[in-house]
Amino acid sequence: MSKTGKVWLVGAGPGDEGLLTLKAKMLLEEADVIVYDALVSMEILSRIPPGKQMIYAGKRAGNHPVSQTEINKILFREAKQGKKVVRLKGGDPFIFGRGGEELELLAEEGIPFEVVPGITSASAVPAYAGIPVTHRDFVSSFHVVTAHPRENGCRQIDFKALVRAGGTLVFL
């Protein structure tokens with residue numbers, strides 16, 4: 001009888017290794033396999049200990065060499081083999097990172113999982129540039145909007161509603 005492993009969805013943050021959480025670092029050291037995406041920086045990838053099984057599952061706009069369905073299958077397959085699997089994602093797994101889609105399959109199949117948030121570029125990039133996304137004298141909210149709606153989807157971004165809502169708009 002095989003023992004089921006576990007999957008950790010880990011946010012790698014915006015690329016600066018100093019912004020990687022201590023928990024993420026620990027999990028990268030303990031993982032048997034790391035499934036990483038295109039937005040994980042070379043700076044962070046170079047910190048992964050030698051000998052780890054690395055699986056590239058990167059996607060860029062309009063270029064998906066590994067489909068989301070296949071990524072889900074990889075996570076399931078590796079965990080079913082009893083491995084500790086880190087799904088390493090740029091930024092935060094739940095901010096346009098498809099983390100929810102990946103967890104749906106794991107939950108359906110009874111695969112244990114945990115989410116380790118990462119610092120999102122939606123706030124980190126403006127902060128590095130000295131731009132506050134909120135300021136109590138000027139703006140009391142910020143909104144993060146995808147620049148890439150679901151392929152073949154009919155969702156339209158209601159830009160007028162965003163403008164009426166006020167606040168800082170961040171597009172990823």
# chains A, B, ... in the order shown; residues from 1 in each chain; ligands from 1

$ residues_around --residues "stretch 126-143 of chain A" --least-positions-apart "4" --cutoff "7 Å" --atoms "only C-alpha atoms" --output "list in words"
Gly167, Thr168, Leu169 and Val170 of chain A

$ select_by_dssp --residues "stretch 5-77 of chain A" --states "strand (DSSP E)" --output "PyMOL selection string"
chain A and resi 6-11+33-36+53-56

$ write_last_selection --atoms "all heavy atoms" --output "tab-separated table (two decimals), in the first residue's frame"
chain	number	residue	atom	x	y	z
A	6	LYS	N	2.23	14.89	-0.02
A	6	LYS	CA	1.55	16.15	0.24
A	6	LYS	C	2.04	17.18	-0.76
A	6	LYS	O	3.18	17.12	-1.21
A	6	LYS	CB	1.84	16.62	1.67
A	6	LYS	CG	1.11	17.89	2.09
A	6	LYS	CD	1.33	18.18	3.56
A	6	LYS	CE	0.64	19.48	3.97
A	6	LYS	NZ	0.78	19.74	5.42
A	7	VAL	N	1.17	18.14	-1.07
A	7	VAL	CA	1.51	19.22	-1.99
A	7	VAL	C	1.42	20.54	-1.24
A	7	VAL	O	0.45	20.80	-0.54
A	7	VAL	CB	0.57	19.25	-3.22
A	7	VAL	CG1	0.87	20.45	-4.11
A	7	VAL	CG2	0.67	17.94	-4.00
A	8	TRP	N	2.46	21.35	-1.41
A	8	TRP	CA	2.47	22.71	-0.88
A	8	TRP	C	2.44	23.67	-2.05
A	8	TRP	O	3.31	23.58	-2.93
A	8	TRP	CB	3.72	22.99	-0.05
A	8	TRP	CG	3.75	22.32	1.28
A	8	TRP	CD1	3.40	22.86	2.49
A	8	TRP	CD2	4.18	20.99	1.58
A	8	TRP	NE1	3.57	21.95	3.50
A	8	TRP	CE2	4.06	20.79	2.97
A	8	TRP	CE3	4.66	19.93	0.79
A	8	TRP	CZ2	4.39	19.59	3.59
A	8	TRP	CZ3	4.99	18.74	1.41
A	8	TRP	CH2	4.85	18.59	2.79
A	9	LEU	N	1.46	24.54	-2.11
A	9	LEU	CA	1.45	25.63	-3.10
A	9	LEU	C	2.17	26.79	-2.44
A	9	LEU	O	1.69	27.35	-1.46
A	9	LEU	CB	0.02	26.04	-3.45
A	9	LEU	CG	-0.56	25.37	-4.68
A	9	LEU	CD1	-0.78	23.90	-4.42
A	9	LEU	CD2	-1.81	26.04	-5.10
A	10	VAL	N	3.33	27.13	-2.99
A	10	VAL	CA	4.22	28.09	-2.35
A	10	VAL	C	4.41	29.31	-3.23
A	10	VAL	O	4.81	29.18	-4.39
A	10	VAL	CB	5.58	27.43	-2.04
A	10	VAL	CG1	6.55	28.44	-1.44
A	10	VAL	CG2	5.41	26.23	-1.12
A	11	GLY	N	4.16	30.47	-2.68
A	11	GLY	CA	4.43	31.71	-3.39
A	11	GLY	C	5.90	32.08	-3.24
A	11	GLY	O	6.43	32.14	-2.13
A	33	VAL	N	10.24	16.94	-4.75
A	33	VAL	CA	10.08	17.42	-6.13
A	33	VAL	C	9.54	18.85	-6.08
A	33	VAL	O	8.72	19.18	-5.22
A	33	VAL	CB	9.15	16.49	-6.95
A	33	VAL	CG1	7.78	16.39	-6.36
A	33	VAL	CG2	9.06	16.93	-8.40
A	34	ILE	N	10.04	19.68	-7.00
A	34	ILE	CA	9.61	21.07	-7.09
A	34	ILE	C	9.09	21.31	-8.50
A	34	ILE	O	9.82	21.12	-9.48
A	34	ILE	CB	10.76	22.03	-6.75
A	34	ILE	CG1	11.22	21.77	-5.31
A	34	ILE	CG2	10.33	23.48	-6.95
A	34	ILE	CD1	12.54	22.39	-4.95
A	35	VAL	N	7.83	21.69	-8.59
A	35	VAL	CA	7.19	22.01	-9.86
A	35	VAL	C	7.10	23.53	-9.89
A	35	VAL	O	6.36	24.13	-9.13
A	35	VAL	CB	5.78	21.37	-9.96
A	35	VAL	CG1	5.14	21.68	-11.30
A	35	VAL	CG2	5.86	19.86	-9.70
A	36	TYR	N	7.87	24.15	-10.79
A	36	TYR	CA	7.99	25.61	-10.75
A	36	TYR	C	7.51	26.26	-12.03
A	36	TYR	O	7.50	25.65	-13.10
A	36	TYR	CB	9.43	26.02	-10.44
A	36	TYR	CG	10.43	25.66	-11.50
A	36	TYR	CD1	10.88	26.62	-12.41
A	36	TYR	CD2	10.95	24.38	-11.61
A	36	TYR	CE1	11.80	26.30	-13.40
A	36	TYR	CE2	11.87	24.06	-12.58
A	36	TYR	CZ	12.30	25.02	-13.47
A	36	TYR	OH	13.22	24.70	-14.45
A	53	GLN	N	14.40	16.96	-7.53
A	53	GLN	CA	13.73	16.74	-8.82
A	53	GLN	C	13.01	18.03	-9.17
A	53	GLN	O	12.17	18.50	-8.39
A	53	GLN	CB	12.76	15.58	-8.73
A	53	GLN	CG	12.03	15.33	-10.04
A	53	GLN	CD	10.98	14.24	-9.92
A	53	GLN	OE1	10.81	13.60	-8.87
A	53	GLN	NE2	10.25	14.02	-11.00
A	54	MET	N	13.35	18.60	-10.31
A	54	MET	CA	12.76	19.87	-10.75
A	54	MET	C	11.92	19.61	-12.00
A	54	MET	O	12.41	19.01	-12.95
A	54	MET	CB	13.86	20.88	-11.06
A	54	MET	CG	14.82	21.17	-9.92
A	54	MET	SD	14.12	22.22	-8.66
A	54	MET	CE	13.99	23.75	-9.55
A	55	ILE	N	10.70	20.11	-11.98
A	55	ILE	CA	9.81	19.98	-13.14
A	55	ILE	C	9.36	21.38	-13.53
A	55	ILE	O	8.70	22.07	-12.76
A	55	ILE	CB	8.59	19.09	-12.83
A	55	ILE	CG1	9.05	17.68	-12.43
A	55	ILE	CG2	7.64	19.06	-14.04
A	55	ILE	CD1	7.92	16.78	-11.97
A	56	TYR	N	9.73	21.78	-14.75
A	56	TYR	CA	9.33	23.10	-15.26
A	56	TYR	C	7.89	23.03	-15.76
A	56	TYR	O	7.55	22.17	-16.58
A	56	TYR	CB	10.26	23.56	-16.37
A	56	TYR	CG	9.87	24.88	-16.97
A	56	TYR	CD1	10.04	26.06	-16.26
A	56	TYR	CD2	9.31	24.96	-18.24
A	56	TYR	CE1	9.67	27.29	-16.79
A	56	TYR	CE2	8.95	26.18	-18.78
A	56	TYR	CZ	9.14	27.33	-18.06
A	56	TYR	OH	8.77	28.55	-18.58

$ select_by_dssp --residues "stretch 29-131 of chain A" --states "helix (DSSP H, G or I)" --output "ChimeraX atom specification"
/A:29-30,42-45,68-80,99-108,121-128

$ atom_distance --atom1 "atom CA of A:Val86" --atom2 "atom CA of A:Pro65"
19.8 Å

$ residues_around --residues "A:Val40" --least-positions-apart "4" --cutoff "10 Å" --atoms "only C-alpha atoms" --output "PyMOL selection string"
chain A and resi 11-16+36+44-45+58+88-91

$ atom_distance --atom1 "atom CA of A:Phe171" --atom2 "atom CA of A:Phe96"
10.7 Å

$ atom_distance --atom1 "atom CA of A:Lys3" --atom2 "atom CA of A:Glu109"
13.8 Å

$ residues_around --residues "stretch 21-25 of chain A" --least-positions-apart "2" --cutoff "9 Å" --atoms "only C-alpha atoms" --output "PDB file with N, CA and C atoms, in the first residue's frame"
ATOM      1  N   VAL A  10       3.333  27.133  -2.990  1.00  0.00           N
ATOM      2  CA  VAL A  10       4.218  28.090  -2.348  1.00  0.00           C
ATOM      3  C   VAL A  10       4.413  29.307  -3.235  1.00  0.00           C
ATOM      4  N   GLY A  11       4.162  30.471  -2.677  1.00  0.00           N
ATOM      5  CA  GLY A  11       4.435  31.713  -3.389  1.00  0.00           C
ATOM      6  C   GLY A  11       5.901  32.079  -3.240  1.00  0.00           C
ATOM      7  N   ALA A  12       6.558  32.325  -4.371  1.00  0.00           N
ATOM      8  CA  ALA A  12       7.980  32.677  -4.368  1.00  0.00           C
ATOM      9  C   ALA A  12       8.193  34.175  -4.244  1.00  0.00           C
ATOM     10  N   GLY A  13       7.112  34.934  -4.235  1.00  0.00           N
ATOM     11  CA  GLY A  13       7.251  36.384  -4.159  1.00  0.00           C
ATOM     12  C   GLY A  13       7.630  36.982  -5.497  1.00  0.00           C
ATOM     13  N   GLU A  17      15.173  37.263  -3.602  1.00  0.00           N
ATOM     14  CA  GLU A  17      15.270  36.148  -2.659  1.00  0.00           C
ATOM     15  C   GLU A  17      15.077  36.599  -1.213  1.00  0.00           C
ATOM     16  N   GLY A  18      15.345  37.858  -0.925  1.00  0.00           N
ATOM     17  CA  GLY A  18      15.136  38.377   0.411  1.00  0.00           C
ATOM     18  C   GLY A  18      13.670  38.462   0.794  1.00  0.00           C
ATOM     19  N   LEU A  19      12.788  38.385  -0.185  1.00  0.00           N
ATOM     20  CA  LEU A  19      11.353  38.431   0.078  1.00  0.00           C
ATOM     21  C   LEU A  19      10.715  37.042   0.098  1.00  0.00           C
ATOM     22  N   LEU A  27      10.582  24.648   3.011  1.00  0.00           N
ATOM     23  CA  LEU A  27       9.919  23.650   2.176  1.00  0.00           C
ATOM     24  C   LEU A  27      10.744  23.297   0.942  1.00  0.00           C
ATOM     25  N   LEU A  28      11.429  24.282   0.358  1.00  0.00           N
ATOM     26  CA  LEU A  28      12.290  24.000  -0.791  1.00  0.00           C
ATOM     27  C   LEU A  28      13.426  23.063  -0.390  1.00  0.00           C
ATOM     28  N   GLU A  29      13.906  23.198   0.828  1.00  0.00           N
ATOM     29  CA  GLU A  29      14.983  22.332   1.318  1.00  0.00           C
ATOM     30  C   GLU A  29      14.486  20.917   1.598  1.00  0.00           C
ATOM     31  N   GLU A  30      13.222  20.770   2.017  1.00  0.00           N
ATOM     32  CA  GLU A  30      12.677  19.473   2.402  1.00  0.00           C
ATOM     33  C   GLU A  30      11.956  18.736   1.278  1.00  0.00           C
ATOM     34  N   ARG A  47      18.794  28.999  -5.351  1.00  0.00           N
ATOM     35  CA  ARG A  47      18.857  28.671  -3.919  1.00  0.00           C
ATOM     36  C   ARG A  47      18.303  27.286  -3.601  1.00  0.00           C
ATOM     37  N   ILE A  48      17.757  26.608  -4.583  1.00  0.00           N
ATOM     38  CA  ILE A  48      17.213  25.276  -4.349  1.00  0.00           C
ATOM     39  C   ILE A  48      18.389  24.302  -4.248  1.00  0.00           C
ATOM     40  N   LEU A  88       5.905  25.650  -6.825  1.00  0.00           N
ATOM     41  CA  LEU A  88       6.501  26.962  -6.604  1.00  0.00           C
ATOM     42  C   LEU A  88       6.015  27.927  -7.671  1.00  0.00           C
ATOM     43  N   VAL A 116       1.180  28.263   1.062  1.00  0.00           N
ATOM     44  CA  VAL A 116       2.135  29.172   1.698  1.00  0.00           C
ATOM     45  C   VAL A 116       2.113  30.459   0.883  1.00  0.00           C
ATOM     46  N   PRO A 117       1.470  31.508   1.402  1.00  0.00           N
ATOM     47  CA  PRO A 117       1.359  32.751   0.642  1.00  0.00           C
ATOM     48  C   PRO A 117       2.728  33.338   0.311  1.00  0.00           C
ATOM     49  N   GLY A 118       2.744  34.082  -0.759  1.00  0.00           N
ATOM     50  CA  GLY A 118       3.949  34.813  -1.143  1.00  0.00           C
ATOM     51  C   GLY A 118       3.615  36.283  -1.289  1.00  0.00           C
ATOM     52  N   ILE A 119       4.635  37.095  -1.266  1.00  0.00           N
ATOM     53  CA  ILE A 119       4.432  38.530  -1.476  1.00  0.00           C
ATOM     54  C   ILE A 119       4.071  38.748  -2.939  1.00  0.00           C
TER      55      ILE A 119
END

$ closest_residue --among "A:Gly97, A:Leu106, A:Val115, A:Asp158" --to "A:Phe76" --atoms "only C-alpha atoms"
A:Leu106
